Every structure is written in C-alpha cells, then in structure tokens.
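Here is structure.txt, consisting of compact mmCIF, C-alpha atoms:
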```
# COMPACT_ATOMS: atom_id res chain seq x y z
CA MET A 1 45.53 -57.66 11.47
CA THR A 2 45.19 -59.60 8.23
CA ILE A 3 45.03 -63.25 7.17
CA HIS A 4 47.80 -64.66 5.03
CA PRO A 5 46.26 -65.46 1.58
CA GLN A 6 47.83 -68.93 1.69
CA ILE A 7 45.73 -69.84 4.75
CA LEU A 8 42.52 -68.90 2.94
CA ALA A 9 43.60 -70.85 -0.15
CA ASP A 10 44.49 -73.93 1.91
CA ALA A 11 41.23 -73.75 3.85
CA PHE A 12 38.74 -72.95 1.10
CA GLY A 13 40.40 -73.32 -2.31
CA PRO A 14 42.23 -71.06 -4.78
CA ASP A 15 39.37 -68.56 -5.11
CA ALA A 16 39.10 -68.03 -1.35
CA PRO A 17 41.60 -65.12 -1.06
CA ASP A 18 38.85 -63.00 -2.61
CA ALA A 19 36.45 -63.85 0.22
CA ARG A 20 35.21 -61.13 2.59
CA VAL A 21 36.69 -61.58 6.06
CA SER A 22 35.99 -59.76 9.32
CA LEU A 23 37.61 -60.17 12.72
CA VAL A 24 35.15 -61.36 15.37
CA ALA A 25 37.41 -61.81 18.41
CA ASP A 26 41.08 -61.75 19.31
CA ARG A 27 42.08 -62.83 22.80
CA ARG A 28 44.58 -65.05 24.60
CA GLY A 29 46.35 -66.26 21.49
CA THR A 30 43.24 -67.02 19.41
CA ALA A 31 41.83 -64.85 16.63
CA LEU A 32 38.41 -65.71 15.17
CA TRP A 33 37.40 -64.55 11.72
CA HIS A 34 34.08 -64.64 9.85
CA VAL A 35 34.69 -65.67 6.24
CA ARG A 36 32.01 -64.97 3.60
CA ARG A 37 32.74 -66.59 0.26
CA GLY A 38 31.46 -65.57 -3.15
CA ASN A 39 29.32 -68.72 -3.44
CA GLY A 40 27.38 -67.71 -0.30
CA ASP A 41 29.10 -70.15 2.07
CA GLN A 42 30.03 -68.79 5.48
CA HIS A 43 32.80 -70.16 7.70
CA ALA A 44 34.62 -69.42 10.93
CA LEU A 45 38.42 -69.38 10.76
CA LYS A 46 40.39 -69.70 13.99
CA ILE A 47 44.09 -68.86 14.11
CA THR A 48 46.02 -69.79 17.24
CA THR A 49 49.47 -68.51 18.18
CA ALA A 50 51.67 -68.55 21.28
CA CYS A 51 50.16 -66.66 24.21
CA SER A 52 51.92 -65.24 27.29
CA ASP A 53 48.66 -64.32 29.07
CA PRO A 54 48.50 -66.36 32.32
CA GLN A 55 44.88 -67.21 31.52
CA GLY A 56 45.91 -68.51 28.10
CA HIS A 57 46.24 -72.21 27.36
CA VAL A 58 49.46 -74.17 27.45
CA ASP A 59 50.82 -74.68 23.92
CA SER A 60 48.22 -72.27 22.57
CA GLU A 61 49.91 -72.22 19.17
CA ARG A 62 48.82 -75.87 18.71
CA LEU A 63 45.23 -75.48 19.86
CA ALA A 64 43.69 -75.31 16.38
CA LEU A 65 45.36 -78.60 15.46
CA VAL A 66 44.23 -80.19 18.73
CA GLU A 67 40.67 -78.96 18.32
CA ALA A 68 40.55 -80.32 14.78
CA GLN A 69 41.36 -83.83 16.01
CA LEU A 70 38.86 -83.56 18.86
CA LEU A 71 36.12 -82.39 16.49
CA LYS A 72 36.77 -85.36 14.22
CA ALA A 73 36.48 -87.68 17.21
CA LEU A 74 33.25 -85.98 18.30
CA GLU A 75 31.85 -86.52 14.80
CA ARG A 76 32.89 -90.20 14.88
CA ASP A 77 31.05 -90.55 18.20
CA GLY A 78 27.96 -88.95 16.70
CA VAL A 79 27.99 -86.06 19.21
CA ILE A 80 28.23 -83.29 16.61
CA ALA A 81 28.03 -83.26 12.82
CA GLY A 82 29.07 -81.05 9.94
CA PHE A 83 31.01 -78.51 12.00
CA TYR A 84 34.64 -79.25 11.07
CA HIS A 85 35.89 -78.13 7.63
CA GLN A 86 39.72 -78.10 7.43
CA HIS A 87 42.85 -77.35 9.45
CA GLY A 88 46.59 -76.81 9.09
CA GLU A 89 49.72 -75.00 10.28
CA LEU A 90 50.49 -71.35 9.63
CA PRO A 91 52.95 -70.70 6.77
CA ASP A 92 55.64 -69.65 9.28
CA HIS A 93 55.00 -72.78 11.41
CA LYS A 94 54.46 -70.58 14.49
CA GLY A 95 50.80 -71.32 14.91
CA SER A 96 47.83 -73.23 13.50
CA TRP A 97 44.44 -72.64 11.93
CA LEU A 98 41.05 -74.32 11.90
CA ALA A 99 38.19 -73.70 9.47
CA LEU A 100 34.65 -74.43 10.64
CA ARG A 101 31.13 -74.09 9.34
CA TRP A 102 29.70 -70.76 10.49
CA LEU A 103 26.93 -71.44 12.98
CA PRO A 104 23.93 -69.13 13.32
CA GLY A 105 22.85 -67.78 16.67
CA GLU A 106 23.53 -65.23 19.36
CA GLU A 107 26.09 -65.52 22.14
CA ALA A 108 24.38 -66.48 25.39
CA ASP A 109 25.55 -63.44 27.35
CA THR A 110 24.19 -61.10 24.66
CA ALA A 111 20.82 -62.88 24.53
CA PHE A 112 20.43 -62.84 28.33
CA ALA A 113 21.50 -59.18 28.51
CA LYS A 114 18.47 -58.23 26.40
CA LEU A 115 16.22 -59.96 28.94
CA ARG A 116 17.47 -57.68 31.69
CA HIS A 117 15.63 -54.86 29.88
CA THR A 118 12.50 -56.91 29.13
CA PRO A 119 12.36 -59.72 31.74
CA SER A 120 10.77 -63.00 30.70
CA ASP A 121 10.77 -66.04 32.98
CA ARG A 122 9.94 -68.43 30.17
CA THR A 123 12.62 -67.10 27.84
CA ALA A 124 15.33 -67.17 30.51
CA ALA A 125 14.41 -70.75 31.41
CA SER A 126 14.32 -71.81 27.74
CA TYR A 127 17.80 -70.34 27.18
CA ALA A 128 19.17 -72.14 30.22
CA ALA A 129 17.46 -75.39 29.18
CA ALA A 130 19.08 -75.18 25.74
CA MET A 131 22.51 -74.59 27.27
CA ALA A 132 22.09 -77.49 29.69
CA ALA A 133 20.89 -79.77 26.87
CA ALA A 134 24.01 -79.03 24.79
CA VAL A 135 26.22 -79.97 27.74
CA ALA A 136 24.10 -83.03 28.55
CA ASP A 137 24.49 -84.31 24.98
CA LEU A 138 28.26 -84.24 25.52
CA HIS A 139 28.12 -85.85 28.95
CA ASP A 140 25.72 -88.57 27.82
CA ASN A 141 28.41 -89.65 25.36
CA GLY A 142 31.21 -89.56 27.93
CA TRP A 143 32.71 -86.25 26.76
CA ARG A 144 33.46 -83.11 28.78
CA HIS A 145 33.83 -79.68 27.18
CA GLY A 146 36.54 -78.25 29.42
CA ASP A 147 36.07 -74.53 28.71
CA MET A 148 32.58 -73.54 29.82
CA GLN A 149 31.92 -69.79 29.54
CA GLU A 150 29.30 -67.41 28.18
CA VAL A 151 30.78 -66.85 24.72
CA HIS A 152 31.04 -70.58 24.03
CA PHE A 153 27.26 -70.96 23.79
CA LEU A 154 25.33 -69.82 20.72
CA LEU A 155 21.57 -69.66 21.25
CA HIS A 156 19.34 -70.20 18.22
CA ASP A 157 15.74 -71.11 17.45
CA ASP A 158 16.32 -74.86 17.82
CA GLY A 159 18.45 -74.80 20.97
CA ALA A 160 22.10 -74.02 21.62
CA HIS A 161 25.42 -74.74 19.97
CA LEU A 162 28.53 -75.32 22.06
CA LEU A 163 31.72 -73.82 20.64
CA ASP A 164 35.46 -74.19 21.20
CA PHE A 165 36.34 -77.83 21.87
CA ALA A 166 40.11 -77.37 22.16
CA MET A 167 40.03 -78.35 25.85
CA ALA A 168 37.52 -81.20 25.44
CA GLN A 169 38.23 -84.50 27.16
CA PRO A 170 37.04 -87.72 25.45
CA PRO A 171 35.52 -90.68 27.29
CA ALA A 172 38.55 -92.98 26.96
CA PRO A 173 41.67 -91.11 25.84
CA ALA A 174 44.23 -93.23 24.02
CA GLY A 175 47.55 -92.18 25.48
CA PRO A 176 48.47 -88.84 27.04
CA ALA A 177 46.25 -85.80 26.60
CA PRO A 178 47.15 -83.62 23.58
CA VAL A 179 47.47 -80.56 25.85
CA THR A 180 47.98 -80.27 29.59
CA TYR A 181 44.62 -79.37 31.11
CA ARG A 182 44.75 -77.05 34.12
CA GLY A 183 41.18 -75.83 34.02
CA ALA A 184 40.04 -73.06 31.72
CA TYR A 185 38.72 -69.59 32.56
CA ASP A 186 39.15 -69.39 36.33
CA PHE A 187 35.85 -67.67 37.07
CA PHE A 188 33.93 -70.74 35.97
CA ASN A 189 36.11 -73.49 37.45
CA SER A 190 34.55 -75.69 40.12
CA PRO A 191 35.85 -75.58 43.72
CA GLU A 192 37.47 -79.01 43.39
CA LEU A 193 39.20 -78.10 40.13
CA ALA A 194 40.49 -74.83 41.59
CA ALA A 195 41.80 -76.72 44.63
CA ARG A 196 43.52 -79.32 42.46
CA ARG A 197 45.18 -76.62 40.40
CA LEU A 198 46.55 -74.97 43.55
CA ALA A 199 47.85 -78.29 44.89
CA THR A 200 49.58 -79.61 41.75
CA ARG A 201 52.52 -78.75 39.53
CA PRO A 202 51.86 -76.63 36.41
CA THR A 203 52.82 -79.62 34.25
CA GLU A 204 50.29 -82.00 35.83
CA HIS A 205 47.22 -82.81 33.74
CA LEU A 206 43.88 -82.54 35.55
CA GLU A 207 41.01 -84.84 34.69
CA LEU A 208 37.67 -83.08 34.45
CA THR A 209 34.55 -84.76 35.83
CA THR A 210 31.01 -84.19 34.63
CA SER A 211 29.99 -83.01 38.13
CA SER A 212 32.76 -80.41 38.02
CA GLU A 213 31.49 -79.26 34.65
CA VAL A 214 27.94 -78.97 36.01
CA TRP A 215 29.31 -76.35 38.41
CA SER A 216 30.85 -74.54 35.43
CA LEU A 217 27.57 -74.73 33.50
CA CYS A 218 25.57 -73.22 36.37
CA ALA A 219 28.22 -70.57 36.99
CA THR A 220 28.00 -69.67 33.30
CA ILE A 221 24.19 -69.43 33.41
CA TYR A 222 24.49 -67.32 36.57
CA ALA A 223 26.85 -64.90 34.77
CA CYS A 224 24.65 -64.76 31.66
CA TRP A 225 21.47 -64.02 33.64
CA THR A 226 22.91 -61.49 36.10
CA GLY A 227 25.71 -59.98 34.02
CA ILE A 228 28.03 -60.56 37.01
CA TYR A 229 30.57 -63.31 37.60
CA PRO A 230 29.42 -65.55 40.47
CA ILE A 231 32.56 -64.95 42.57
CA SER A 232 31.82 -63.78 46.10
CA GLU A 233 34.42 -61.05 46.58
CA LYS A 234 36.90 -60.72 43.73
CA ASN A 235 36.14 -58.11 41.11
CA THR A 236 38.95 -58.70 38.64
CA GLN A 237 39.65 -60.01 35.16
CA LEU A 238 42.97 -61.45 36.32
CA SER A 239 43.72 -65.11 36.95
CA THR A 240 45.62 -65.39 40.25
CA PRO A 241 46.32 -67.95 43.00
CA ALA A 242 44.29 -65.76 45.37
CA LEU A 243 41.27 -66.01 43.07
CA ARG A 244 41.66 -69.78 42.82
CA ALA A 245 41.89 -70.04 46.60
CA GLU A 246 38.56 -68.27 46.87
CA LEU A 247 37.06 -70.47 44.17
CA ALA A 248 38.22 -73.55 46.08
CA GLN A 249 36.02 -72.49 49.01
CA GLY A 250 32.94 -72.84 46.81
CA HIS A 251 31.58 -69.37 47.54
CA TYR A 252 29.51 -67.33 45.12
CA ARG A 253 27.61 -64.07 45.22
CA ASP A 254 24.13 -64.26 46.75
CA LEU A 255 21.67 -64.30 43.87
CA THR A 256 19.25 -62.19 45.89
CA THR A 257 21.70 -59.28 45.51
CA THR A 258 22.61 -59.85 41.86
CA ARG A 259 19.48 -61.19 40.14
CA PRO A 260 17.95 -58.90 37.50
CA TRP A 261 14.43 -59.91 38.63
CA GLN A 262 12.92 -62.40 41.05
CA PHE A 263 12.52 -65.92 39.65
CA PRO A 264 12.87 -68.24 42.69
CA ALA A 265 12.51 -71.58 40.89
CA PHE A 266 15.10 -70.55 38.31
CA GLU A 267 17.46 -69.35 41.03
CA ASN A 268 17.09 -72.59 42.96
CA THR A 269 17.94 -74.63 39.88
CA ILE A 270 21.09 -72.59 39.26
CA MET A 271 22.15 -72.88 42.89
CA ALA A 272 21.62 -76.65 42.87
CA GLY A 273 24.59 -76.91 40.54
CA LEU A 274 26.70 -74.56 42.65
CA THR A 275 26.79 -76.68 45.78
CA LYS A 276 30.30 -77.51 46.95
CA ASP A 277 29.33 -81.16 47.55
CA ARG A 278 29.81 -82.79 44.14
CA ALA A 279 27.55 -85.70 45.05
CA GLN A 280 24.63 -83.33 45.58
CA ARG A 281 24.83 -81.62 42.21
CA PRO A 282 22.30 -82.59 39.54
CA THR A 283 23.50 -83.93 36.21
CA ALA A 284 23.44 -81.73 33.12
CA ARG A 285 20.48 -83.76 31.84
CA GLN A 286 18.58 -83.23 35.09
CA LEU A 287 19.28 -79.50 34.83
CA HIS A 288 18.02 -79.56 31.25
CA HIS A 289 14.71 -81.09 32.37
CA GLN A 290 14.37 -78.75 35.38
CA PHE A 291 14.93 -75.62 33.32
CA GLN A 292 12.64 -77.01 30.60
CA GLU A 293 9.82 -77.38 33.11
CA LEU A 294 10.12 -73.66 33.92
CA SER A 295 9.82 -72.64 30.29
```

Would you mind writing the structure in this file as structure tokens?
Amino acid sequence: MTIHPQILADAFGPDAPDARVSLVADRRGTALWHVRRGNGDQHALKITTACSDPQGHVDSERLALVEAQLLKALERDGVIAGFYHQHGELPDHKGSWLALRWLPGEEADTAFAKLRHTPSDRTAASYAAAMAAAVADLHDNGWRHGDMQEVHFLLHDDGAHLLDFAMAQPPAPAGPAPVTYRGAYDFFNSPELAARRLATRPTEHLELTTSSEVWSLCATIYACWTGIYPISEKNTQLSTPALRAELAQGHYRDLTTTRPWQFPAFENTIMAGLTKDRAQRPTARQLHHQFQELS
C-alpha cells in the first residue's frame, strides 16, 4: 500500500512527497500513516475509503472529511488545540484524507499490558485517571466521543490524548448529523445503546448520552487492565445481533476471574461505571477523581 504523491503535496506542501511514511494501522476502511518530514515535523495522515465490514462506519469514505469539521468545532469550543492540520478528498474522489499533528504517547492497551508483567496499583490508577480526565474534558463541554476503545487513548507523561473524533457528537448539533450514528465498536457499547440499535432501523441516528459513554469508558479500562473484553460469554471479534442482545442485558465478565492482580478499590471504581442503571453511574469527572485518589 502506498500514498498517492498528490495527497502528500496537498497536505504538507510540494516538498512533502519526499517525506518518510510508514503504515501504522489499516482496518475497517481507515488507514493511518506516520509521516516524518525533512524539517523534523511529524504528522498522522488518515485515509478513509468505503468499507464493507459490518463493524465499519456508515459512509466510511467520508469520515476524514467529517472528522475534520468536528475537530475544527472542538478547537472553536476550546476542547482541544493544535491537532488538526489539513484535509481533502482523494484524487479519485472515492475517499478522503485528514492530516493531523503527530501526538506522542503509548496506546492504552500497550501501556496496561506492560503492567501485567510488573503490577503497580498506582500506575494502573494513574493511567485510568488520565483516560477518565480526557473523557471528562469532553463531557464538561457538552461533547461525546462516540468511539471509545483502547487504541483511541494515547497515554503520555502529562495525561492522555483522545484520538479519532469521526463519531463525536457536539452539544447542540445544527441540523442533521453528518453521519448516521449506530454505536461504534460493539464490545464497548452500553446496554441501552445496544438495545436501541437492536430496536431501530439501520438508517436511524442514535443520540449518545454521557452516561452511556461512561459505560464505554469503564469497559475500555476493564479491557486495557485485564487484556480481555468485558463481555460475559461471547469470545468473538465479530459484530452480530446476538452479541448486541447480550450487551443489552448489561452483563460483563466477573473481574475476580479476569483481573491480572487484586486491586479491590480499582475494581470497584471500574464496576461503578458498568452498572446497568444509568442513573447510578458516576460521571467521567467523578471517575477521574476516584481513580486519581488511588494513584
């Protein structure tokens, strides 16, 4: 797989085709490249094309364009800064691209995996606190991320970066949503979101609540810490109605059978966000403070 030189020129200028590029990920219609330019600048370049994978997003070929507009709105709201660089359509008009500032850090699942070899209560809690703080910063400004999963958190010395805002929902959308939201990666969807997806037409847009996203956040932390998806019975990478039906029941694997080491206060904080009763879940900011107290 290669990048069309015109995309690099449009994104970074006429000298950019000489940049060093390496493929970081390629899944469900989105390819992510690391671009190292001769002047020392580093960028991420996302290219989105049509995807037939049932877990892929609707209109995936437009996702880079959609994310660009959402990132600009997030910058206007003061939620993030200096992340967006440029965007455009592919030369063949069958997809889109988005150039971003390259962010330092380590994916959350990779960072937590190292802890399973050298357990540290304080480090695990500090990682979780950073992840919760990144989500709380969004929620405090009325935004929801929409695609919570392990690889969308980068942990670094000063906290955590959230990545991939193509499914983000703003506080007061003007007009119809740019893409039809049906939930994201099934394994991290809340029970109520899974139930709504089962009960509605594929063309119906689903509004995402902050309490629903708190479930997704805690499910993501669960998966990072244990290395196991928090689904009670299914052991599959496939997105199916049967999996969603199980998710809708609000079940998850007992942490006493999946935890890498005993950390009761940490486990209780995770499980507080995994209660089926939305009214009983803490907010992302409350989770941030609770995890912070354990670090």

Shortest interatomic distance to Trp261 in chain A - which of A:Asp121, A:Glu246, A:Asp277, A:Asp158, counting all atoms listed in the file: A:Asp121

Enclose all atoms of range 279-295 of chain A listed in the file in an axis-aligned box, grow every side by 5 Å, and hand back centre and edge lengths in Å to one decimal, as AutoDock Vina command-line options.
```
--center_x 18.7 --center_y -79.2 --center_z 37.9 --size_x 27.7 --size_y 23.1 --size_z 25.3
```

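Residue nearest Ala248 in chain A within the list A:Pro230, A:Pro91, A:Pro191, A:Gly273: A:Pro191 [criterion: smallest interatomic distance, only C-alpha atoms].
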
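Summary of the local environment: counting all atoms listed in the file, residues at most 7 Å from Phe112 in chain A, other than itself and those fewer than 3 positions away along its chain, are Ala108, Asp109, Leu115, Arg116, Cys224 and Trp225 of chain A.
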
message: Nearest residue to Lys276 in chain A out of A:Glu204, A:Asp157, A:Glu61, A:Glu192, using all atoms listed in the file?
response: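 Smallest distance to Lys276 in chain A is found for A:Glu192.
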
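Excluding range 26-31 of chain A itself and any same-chain residue fewer than 6 positions from it, the protein and nucleic acid residues within 6 Å of it, counting all atoms listed in the file, are Lys46, Ile47, Thr48, Thr49, Ala50, Cys51 and Gly56 of chain A.
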
query: With all atoms listed in the file as the basis for distance, which of A:Leu208, A:Ala25, A:Ala195, A:Leu8 is at the shortest distance from Tyr181 in chain A?
result: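 For Tyr181 in chain A, the nearest of the given residues is A:Leu208.
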